[in-house]
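Printed here is entry_28.cif (mmCIF, C-alpha atoms):
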```cif
data_input
#
loop_
_atom_site.label_atom_id
_atom_site.label_comp_id
_atom_site.auth_asym_id
_atom_site.auth_seq_id
_atom_site.Cartn_x
_atom_site.Cartn_y
_atom_site.Cartn_z
CA MET A 8 38.75 18.87 -6.47
CA ARG A 9 37.16 22.17 -7.44
CA VAL A 10 34.08 23.29 -5.48
CA LEU A 11 31.38 25.52 -6.98
CA ASP A 12 29.33 27.11 -4.19
CA PRO A 13 26.58 27.66 -5.12
CA ALA A 14 26.18 25.05 -7.85
CA PRO A 15 25.20 26.61 -11.20
CA SER A 16 21.56 25.81 -11.98
CA GLU A 17 22.35 24.46 -15.44
CA LEU A 18 24.97 22.09 -14.05
CA TRP A 19 22.65 20.91 -11.26
CA ASP A 20 19.88 20.19 -13.78
CA ARG A 21 22.27 18.39 -16.13
CA VAL A 22 23.66 16.06 -13.47
CA CYS A 23 20.16 15.29 -12.17
CA ALA A 24 19.01 14.42 -15.69
CA ARG A 25 21.97 12.14 -16.41
CA CYS A 26 22.45 10.45 -13.03
CA PRO A 27 20.57 7.12 -13.04
CA TYR A 28 20.02 7.09 -9.27
CA ALA A 29 18.92 10.72 -8.85
CA THR A 30 15.39 11.14 -7.48
CA PHE A 31 12.99 14.08 -7.55
CA PHE A 32 14.28 15.01 -4.10
CA HIS A 33 17.70 15.75 -5.62
CA THR A 34 16.31 18.18 -8.19
CA ARG A 35 16.29 21.96 -8.23
CA LEU A 36 12.49 21.80 -8.53
CA TRP A 37 12.20 20.16 -5.10
CA ALA A 38 14.60 22.63 -3.48
CA GLU A 39 12.76 25.63 -4.93
CA ALA A 40 9.40 24.29 -3.73
CA MET A 41 10.78 23.88 -0.21
CA VAL A 42 12.17 27.42 -0.15
CA ALA A 43 8.83 28.78 -1.37
CA ALA A 44 7.07 27.06 1.55
CA PHE A 45 9.70 27.51 4.30
CA PRO A 46 11.21 31.02 4.23
CA GLN A 47 13.79 30.12 6.90
CA LEU A 48 15.55 27.88 4.36
CA ARG A 49 18.10 28.78 1.71
CA ILE A 50 19.38 26.64 -1.14
CA ALA A 51 23.07 25.84 -0.60
CA THR A 52 23.69 23.11 -3.19
CA ARG A 53 27.34 22.60 -4.19
CA ALA A 54 29.01 21.20 -7.28
CA TYR A 55 32.31 19.29 -7.30
CA LEU A 56 34.56 19.03 -10.35
CA PHE A 57 37.31 16.40 -10.37
CA GLU A 58 40.42 16.17 -12.53
CA ASP A 59 39.22 12.93 -14.13
CA GLY A 60 36.17 14.78 -15.53
CA THR A 61 33.64 13.49 -13.01
CA VAL A 62 31.04 16.04 -11.91
CA ALA A 63 29.17 15.61 -8.63
CA ILE A 64 26.32 17.53 -7.02
CA LEU A 65 25.41 17.60 -3.35
CA PRO A 66 21.90 19.06 -2.90
CA LEU A 67 21.84 21.10 0.32
CA MET A 68 19.48 23.35 2.25
CA ARG A 69 20.83 25.84 4.81
CA TYR A 70 19.42 27.03 8.14
CA ARG A 71 20.59 29.77 10.47
CA ALA A 72 21.98 27.82 13.42
CA GLY A 73 22.99 30.45 15.95
CA PHE A 74 25.34 33.30 16.87
CA ARG A 75 23.15 35.83 15.00
CA GLY A 76 23.21 33.77 11.84
CA LEU A 77 26.99 33.41 11.69
CA LEU A 78 26.68 29.63 12.14
CA CYS A 79 24.70 27.52 9.70
CA GLY A 80 23.18 24.07 9.71
CA TYR A 81 22.79 22.08 6.50
CA GLU A 82 20.50 19.27 5.42
CA SER A 83 20.63 16.97 2.42
CA MET A 84 17.81 16.74 1.80
CA PHE A 85 15.03 18.67 3.55
CA PRO A 86 12.73 17.56 5.12
CA GLY A 87 14.33 14.17 5.79
CA VAL A 88 14.02 12.90 2.21
CA TYR A 89 16.60 11.24 -0.04
CA GLY A 90 19.72 13.34 -0.43
CA GLY A 91 23.42 12.72 -0.63
CA ILE A 92 25.73 12.86 -3.61
CA ILE A 93 24.64 12.39 -7.21
CA ALA A 94 27.17 12.33 -10.04
CA GLU A 95 27.76 12.39 -13.75
CA GLY A 96 30.29 9.60 -13.94
CA GLU A 97 31.59 7.17 -11.34
CA LEU A 98 33.01 8.41 -8.04
CA THR A 99 35.73 6.69 -6.06
CA GLU A 100 35.41 6.10 -2.33
CA GLU A 101 38.13 8.70 -1.79
CA GLN A 102 36.16 11.29 -3.78
CA VAL A 103 33.00 10.59 -1.77
CA ARG A 104 34.92 11.08 1.49
CA ALA A 105 36.44 14.31 0.18
CA ILE A 106 33.02 15.75 -0.70
CA TYR A 107 31.55 15.06 2.74
CA ALA A 108 34.72 16.28 4.49
CA SER A 109 34.45 19.59 2.59
CA LEU A 110 31.23 20.40 4.47
CA ARG A 111 33.10 21.10 7.71
CA GLY A 112 33.67 24.81 7.12
CA PRO A 113 34.29 27.27 9.99
CA ARG A 114 30.64 28.43 9.92
CA THR A 115 29.16 24.92 9.80
CA ALA A 116 27.41 23.90 13.02
CA TRP A 117 26.16 20.55 11.73
CA VAL A 118 25.17 18.70 8.55
CA ARG A 119 22.40 16.11 8.32
CA VAL A 120 22.67 13.77 5.36
CA PHE A 121 19.88 11.39 4.40
CA GLY A 122 21.20 8.84 1.97
CA ASN A 123 19.79 7.32 -1.18
CA PRO A 124 18.94 3.59 -1.46
CA TYR A 125 19.57 3.70 -5.22
CA ALA A 126 23.08 5.19 -5.04
CA PRO A 127 26.08 2.85 -5.48
CA TRP A 128 27.66 4.12 -2.24
CA GLY A 129 26.58 5.02 1.25
CA ILE A 130 27.82 7.58 3.75
CA PRO A 131 31.44 6.89 4.79
CA ALA A 132 31.88 5.04 8.08
CA ALA A 133 33.93 7.94 9.47
CA PHE A 134 30.67 9.87 9.89
CA ARG A 135 29.04 7.10 11.98
CA PRO A 136 26.01 6.50 9.76
CA THR A 137 22.87 4.68 10.87
CA VAL A 138 20.70 2.47 8.70
CA LEU A 139 17.14 3.21 7.53
CA PHE A 140 14.99 1.43 4.98
CA THR A 141 12.30 2.04 2.41
CA GLN A 142 9.89 -0.31 0.64
CA ALA A 143 9.80 -0.17 -3.14
CA LEU A 144 8.27 -2.12 -6.02
CA ARG A 145 10.51 -3.05 -8.95
CA LEU A 146 8.33 -2.34 -11.97
CA SER A 147 9.53 -4.98 -14.39
CA GLY A 148 6.86 -6.37 -16.71
CA GLU A 149 3.21 -5.38 -16.80
CA PHE A 150 0.85 -4.32 -14.03
CA LYS A 151 -0.99 -7.65 -14.18
CA ASP A 152 2.22 -9.38 -13.08
CA LEU A 153 2.50 -7.09 -10.06
CA TRP A 154 -1.19 -7.56 -9.28
CA ARG A 155 -0.63 -11.28 -8.78
CA GLN A 156 2.05 -10.47 -6.18
CA PHE A 157 -0.23 -8.27 -4.07
CA SER A 158 -1.48 -10.04 -0.96
CA ARG A 159 -4.89 -11.67 -1.19
CA GLY A 160 -6.27 -9.23 1.36
CA ASN A 161 -4.93 -6.26 -0.59
CA ARG A 162 -6.53 -7.44 -3.85
CA SER A 163 -9.81 -7.97 -1.98
CA ASN A 164 -9.65 -4.44 -0.55
CA ILE A 165 -9.00 -2.93 -3.99
CA ARG A 166 -12.01 -4.74 -5.42
CA LYS A 167 -14.11 -3.58 -2.46
CA ALA A 168 -13.07 0.04 -3.12
CA MET A 169 -14.18 -0.21 -6.74
CA ARG A 170 -17.51 -1.83 -5.81
CA SER A 171 -18.09 0.96 -3.27
CA GLY A 172 -18.09 3.57 -5.99
CA LEU A 173 -14.69 5.13 -5.32
CA HIS A 174 -13.16 6.89 -8.31
CA VAL A 175 -9.49 7.84 -8.82
CA ALA A 176 -8.44 10.81 -10.96
CA LEU A 177 -5.56 13.28 -11.20
CA ALA A 178 -5.84 16.74 -9.67
CA GLU A 179 -6.24 19.33 -12.40
CA GLY A 180 -5.79 22.65 -10.64
CA GLU A 181 -5.38 24.55 -7.39
CA ASN A 182 -9.00 23.93 -6.37
CA ASP A 183 -8.32 20.18 -6.40
CA TYR A 184 -5.22 20.75 -4.27
CA ALA A 185 -7.28 22.86 -1.88
CA GLU A 186 -9.77 19.98 -1.47
CA TYR A 187 -6.89 17.65 -0.70
CA GLU A 188 -5.51 20.18 1.80
CA ALA A 189 -8.86 20.16 3.62
CA VAL A 190 -8.66 16.37 3.99
CA TYR A 191 -5.07 16.69 5.21
CA GLN A 192 -5.97 19.29 7.83
CA ASP A 193 -8.75 17.03 9.09
CA ALA A 194 -6.22 14.18 9.32
CA LEU A 195 -3.80 16.39 11.30
CA ARG A 196 -6.53 17.15 13.82
CA ARG A 197 -7.22 13.43 14.10
CA TRP A 198 -3.55 12.51 14.51
CA GLY A 199 -2.85 15.26 17.04
CA GLU A 200 0.57 14.89 18.64
CA ARG A 201 1.13 11.59 16.83
CA ALA A 202 1.69 13.49 13.56
CA THR A 203 5.38 13.24 12.62
CA SER A 204 5.23 16.15 10.15
CA ARG A 205 3.05 19.16 9.31
CA TYR A 206 3.22 20.91 5.94
CA PRO A 207 1.65 24.25 4.98
CA PHE A 208 -0.57 24.50 1.91
CA THR A 209 2.21 26.47 0.19
CA VAL A 210 4.12 23.20 -0.22
CA PHE A 211 1.32 21.59 -2.20
CA ARG A 212 0.62 24.78 -4.15
CA ALA A 213 4.28 25.02 -5.18
CA LEU A 214 4.51 21.38 -6.23
CA GLY A 215 1.15 21.54 -8.00
CA ARG A 216 2.46 24.18 -10.39
CA TYR A 217 5.02 21.80 -11.88
CA ASP A 218 4.50 19.74 -15.00
CA ALA A 219 2.25 16.71 -14.45
CA ARG A 220 5.04 14.52 -15.80
CA CYS A 221 6.97 15.39 -12.60
CA VAL A 222 4.27 15.78 -9.93
CA ARG A 223 0.89 14.05 -9.77
CA LEU A 224 -1.71 14.33 -7.05
CA TRP A 225 -3.93 11.27 -7.25
CA LEU A 226 -7.34 12.00 -5.72
CA VAL A 227 -9.99 9.54 -4.58
CA ARG A 228 -13.59 10.70 -4.83
CA LYS A 229 -16.91 9.25 -3.76
CA SER A 230 -20.00 10.85 -5.26
CA GLY A 231 -17.80 13.70 -6.45
CA VAL A 232 -16.37 14.45 -2.98
CA VAL A 233 -12.61 14.17 -2.37
CA VAL A 234 -12.05 11.60 0.37
CA GLY A 235 -8.26 11.40 0.14
CA GLY A 236 -5.28 11.20 -2.12
CA ILE A 237 -1.56 10.64 -2.55
CA LEU A 238 1.16 12.86 -4.00
CA ILE A 239 3.66 11.07 -6.27
CA LEU A 240 6.91 12.61 -7.52
CA TYR A 241 8.63 11.41 -10.71
CA HIS A 242 12.20 11.71 -11.92
CA ASN A 243 14.19 9.59 -14.37
CA ARG A 244 13.31 5.94 -13.55
CA HIS A 245 11.94 6.63 -10.08
CA ALA A 246 8.39 7.33 -8.85
CA VAL A 247 8.06 8.03 -5.12
CA TYR A 248 5.03 8.38 -2.85
CA TRP A 249 5.73 11.43 -0.71
CA HIS A 250 2.47 12.44 0.95
CA GLY A 251 -1.01 11.03 1.57
CA ALA A 252 -4.14 11.77 3.58
CA PHE A 253 -7.61 10.24 3.81
CA ALA A 254 -10.87 11.09 5.54
CA ALA A 255 -11.52 8.71 8.44
CA ALA A 256 -15.20 8.33 7.56
CA PHE A 257 -14.24 6.52 4.34
CA PHE A 258 -11.54 4.16 5.65
CA GLU A 259 -13.92 1.20 5.40
CA TYR A 260 -13.99 1.59 1.61
CA ARG A 261 -10.20 1.13 1.39
CA PRO A 262 -9.35 4.26 -0.66
CA SER A 263 -5.62 3.99 0.06
CA ASN A 264 -5.36 0.50 -1.44
CA LEU A 265 -7.17 1.61 -4.59
CA VAL A 266 -5.26 4.84 -5.21
CA HIS A 267 -1.85 3.22 -4.80
CA ALA A 268 -2.85 0.47 -7.23
CA GLU A 269 -3.85 3.06 -9.82
CA ALA A 270 -0.63 5.05 -9.32
CA ILE A 271 1.41 1.84 -9.68
CA ARG A 272 -0.48 0.97 -12.87
CA ASP A 273 0.29 4.43 -14.26
CA ALA A 274 3.99 4.15 -13.36
CA CYS A 275 4.17 0.81 -15.16
CA GLU A 276 2.55 2.23 -18.28
CA ARG A 277 4.88 5.24 -18.27
CA GLY A 278 7.97 3.04 -18.08
CA TYR A 279 9.23 3.73 -14.56
CA GLU A 280 11.54 1.20 -12.94
CA TRP A 281 10.66 1.85 -9.28
CA TYR A 282 7.54 2.72 -7.32
CA ASP A 283 8.90 3.79 -3.95
CA PHE A 284 6.57 3.84 -0.92
CA ASN A 285 9.12 5.95 1.03
CA PRO A 286 10.29 5.25 4.61
CA SER A 287 7.48 4.90 7.15
CA GLY A 288 8.79 7.00 10.02
CA GLY A 289 8.81 4.08 12.44
CA HIS A 290 5.07 3.38 12.09
CA ALA A 291 4.70 -0.41 12.11
CA GLY A 292 1.13 -0.31 10.79
CA VAL A 293 2.23 1.74 7.78
CA VAL A 294 5.03 -0.75 7.07
CA ARG A 295 2.49 -3.62 7.13
CA PHE A 296 0.16 -1.79 4.75
CA LYS A 297 2.97 -1.22 2.24
CA GLN A 298 4.09 -4.83 2.60
CA SER A 299 0.71 -5.94 1.21
CA PHE A 300 1.94 -4.73 -2.22
CA HIS A 301 4.91 -7.12 -1.94
CA PRO A 302 7.71 -4.53 -2.28
CA GLN A 303 11.42 -5.00 -1.79
CA THR A 304 13.13 -3.63 1.31
CA LEU A 305 15.94 -1.25 0.37
CA TYR A 306 18.42 0.00 2.96
CA PHE A 307 20.36 3.27 3.06
CA HIS A 308 22.47 5.36 5.42
CA THR A 309 21.79 8.58 7.26
CA ALA A 310 24.19 10.57 9.43
CA GLU A 311 24.66 13.83 11.28
CA ILE A 312 28.10 15.22 10.62
CA GLU A 313 29.61 17.51 13.23
CA GLY A 314 30.68 20.90 11.98
CA HIS A 315 33.95 22.78 12.28
CA TRP A 316 35.67 22.60 15.68
CA LEU A 317 35.16 26.36 16.23
CA SER A 318 31.40 26.10 15.79
CA HIS A 319 31.43 22.94 17.90
CA LEU A 320 33.11 24.87 20.73
CA TYR A 321 30.50 27.62 20.42
CA VAL A 322 27.59 25.18 20.54
CA LYS A 323 29.03 23.30 23.53
CA GLY A 324 29.81 26.55 25.32
CA ARG A 325 26.30 27.83 24.73
CA GLU A 326 24.84 24.57 26.05
CA ARG A 327 26.94 24.85 29.24
CA LEU A 328 25.93 28.49 29.66
CA LEU A 329 22.25 27.67 29.32
CA ALA A 330 22.58 24.70 31.66
CA GLY A 331 24.30 26.89 34.24
CA ALA A 332 21.62 29.55 33.94
CA SER A 333 18.95 26.90 34.34
CA ARG A 334 20.58 25.57 37.52
CA LEU A 335 20.94 29.09 38.90
CA TRP A 336 17.30 29.88 38.12
CA SER A 337 16.19 26.64 39.75
CA GLY A 338 18.25 27.41 42.85
CA ASP A 339 16.80 30.91 43.08
CA ARG A 340 13.30 29.49 42.80
CA ALA A 341 14.03 27.00 45.58
CA ARG A 342 15.28 29.81 47.86
CA GLY A 343 12.39 32.11 46.97
CA ASP A 344 14.78 34.71 45.45
CA HIS A 345 12.43 36.02 42.76
CA GLY A 346 13.95 39.48 42.43
CA PRO A 347 12.25 42.83 42.87
#
```

Spell out the structure here as C-alpha cells.
Amino acid sequence: MRVLDPAPSELWDRVCARCPYATFFHTRLWAEAMVAAFPQLRIATRAYLFEDGTVAILPLMRYRAGFRGLLCGYESMFPGVYGGIIAEGELTEEQVRAIYASLRGPRTAWVRVFGNPYAPWGIPAAFRPTVLFTQALRLSGEFKDLWRQFSRGNRSNIRKAMRSGLHVALAEGENDYAEYEAVYQDALRRWGERATSRYPFTVFRALGRYDARCVRLWLVRKSGVVVGGILILYHNRHAVYWHGAFAAAFFEYRPSNLVHAEAIRDACERGYEWYDFNPSGGHAGVVRFKQSFHPQTLYFHTAEIEGHWLSHLYVKGRERLLAGASRLWSGDRARGDHGP
C-alpha cells in the first residue's frame, strides 16, 4: 500500500466523481469551505494506492491537539458529517483495516471517523464502532409516487402552506444568503443552550459561491420576506439536507413541510437516487417530522480511534497532571492558603 499525504487534488476529485457512494461531504469543495470558515482546521486528506490498481481516498481534517501543535487530532469528516473511505474500485476488508490502521502515526492524538450509510463497508470492529442512523428517501419513480407515501398529516400541512401564500425559490446571491443567516441567528437565540451546533456566516458564504448544481439554498418567503429555508448539497446520486432554519412566527404555516417537498420534487426531476434528511442529533421531534415523508432508516458506524501510544501517554500524563493540580488547588482553597 502506497500512501500519498496529502492526496493530490486531481486524484481526490477523480475518485469522488467515480465512487458511487461518495457524498458531497467527501469532496474537496466541502473541505475547502470548512477551512474557509474555520481557520483552526487544515485539510489532511490522504490517498492510498494498492498493488491491484485500487485507489482509495480518506477525506480528513486536522486540528492542533496539544504539546504546542506537535500532536494532531483528525476528523473524517468535519463537522460530524459523512466521512470514511471512498474508492475507485472494490476494497477488501484487509485493505480497509490497513487504511484505518495507518492513521496511528506518532503525532496522532486521536481520529474521529463518521461513517457513510451508502458505503459497502463499515468501520472495522477493532476500532469499537457505535451505530448511528439517518433517514433517507429512495427516489425511484416520479414525485407523485412519493407524494402518496407522505403521511396524511404531512400532505395536509403542505397544502396549508400553499394556501397560506408561502412561496419557495432558490437563493440567487449573497443577499439571499444574508437573509437566511438573519433567520438562523434568530433561531439560535431561540434555541439557546439547546442548539447542538453554531455556524458562522462564512460557512454559508463559502458554500453559496459554488455551482447551483452542487449547492442549493431553498428559501421560503411570505409576502416577499424570507421566513426560513434549507440548504441541500448534491453529489453524484445523492442529495442531502445539511442545514435549515425557520422563523418561529411562521411555524403555523408549515414552511418546513413545503420546502422539503419542493426540494424532493427537484431532486426527482434531476435524477437523484437519494434524498437524505441527515441524522437528527438525538432530537426525537426532528426524527418524527422526517418520518412523515416515509423515508428509509439507514444505519452506519462511527468511531474514535486512539492515536499512537506515545501521544496517548502524553495525553494521559497531561490529564493526571491537571487532575493533581486541581486537587492541590482545591486543598489550598480549603486551608485558606491563597498565596501572597

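Minimum distance to Lys297 (chain A) across A:Phe211, A:Gly160, A:Glu269, A:Ala143 (counting only C-alpha atoms) occurs at A:Ala143.
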
Shortest interatomic distance to Ala194 (chain A) - which of A:Ala254, A:Ser109, A:Ala54, A:Arg9, counting only C-alpha atoms: A:Ala254

Residue members of the PyMOL selection byres ((chain A and resi 41) around 10) in the file shown, as an MDAnalysis selection string: chainID A and resid 35:40 42:50 68 85:86 209:211 213:214

Result set of the PyMOL selection byres ((chain A and resi 180) around 10) on the coordinates above, as a PyMOL selection string: chain A and resi 177-179+181-185+212+215-216+224

Spatial neighbours of Ala24 (chain A), max dist 10 Å, only C-alpha atoms, sep filter under 5 positions, as an NGL selection string: :A and (18-19 or 29-30 or 34 or 95 or 242-243)

Spatial neighbours of Val88 (chain A), max dist 10 Å, all atoms listed in the file, sep filter under 4 positions, as a ChimeraX atom specification: /A:30-33,82-84,120-123,249,285-286

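Checking A:Tyr89, A:Tyr28, A:Tyr107, A:Tyr217 one by one against Arg53 (chain A), counting all atoms listed in the file, you find the shortest gap at A:Tyr107.
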
Of the listed residues A:Phe57, A:Tyr260, A:Trp281, A:Tyr70, that which approaches Leu305 (chain A) most closely, counting all atoms listed in the file: A:Trp281
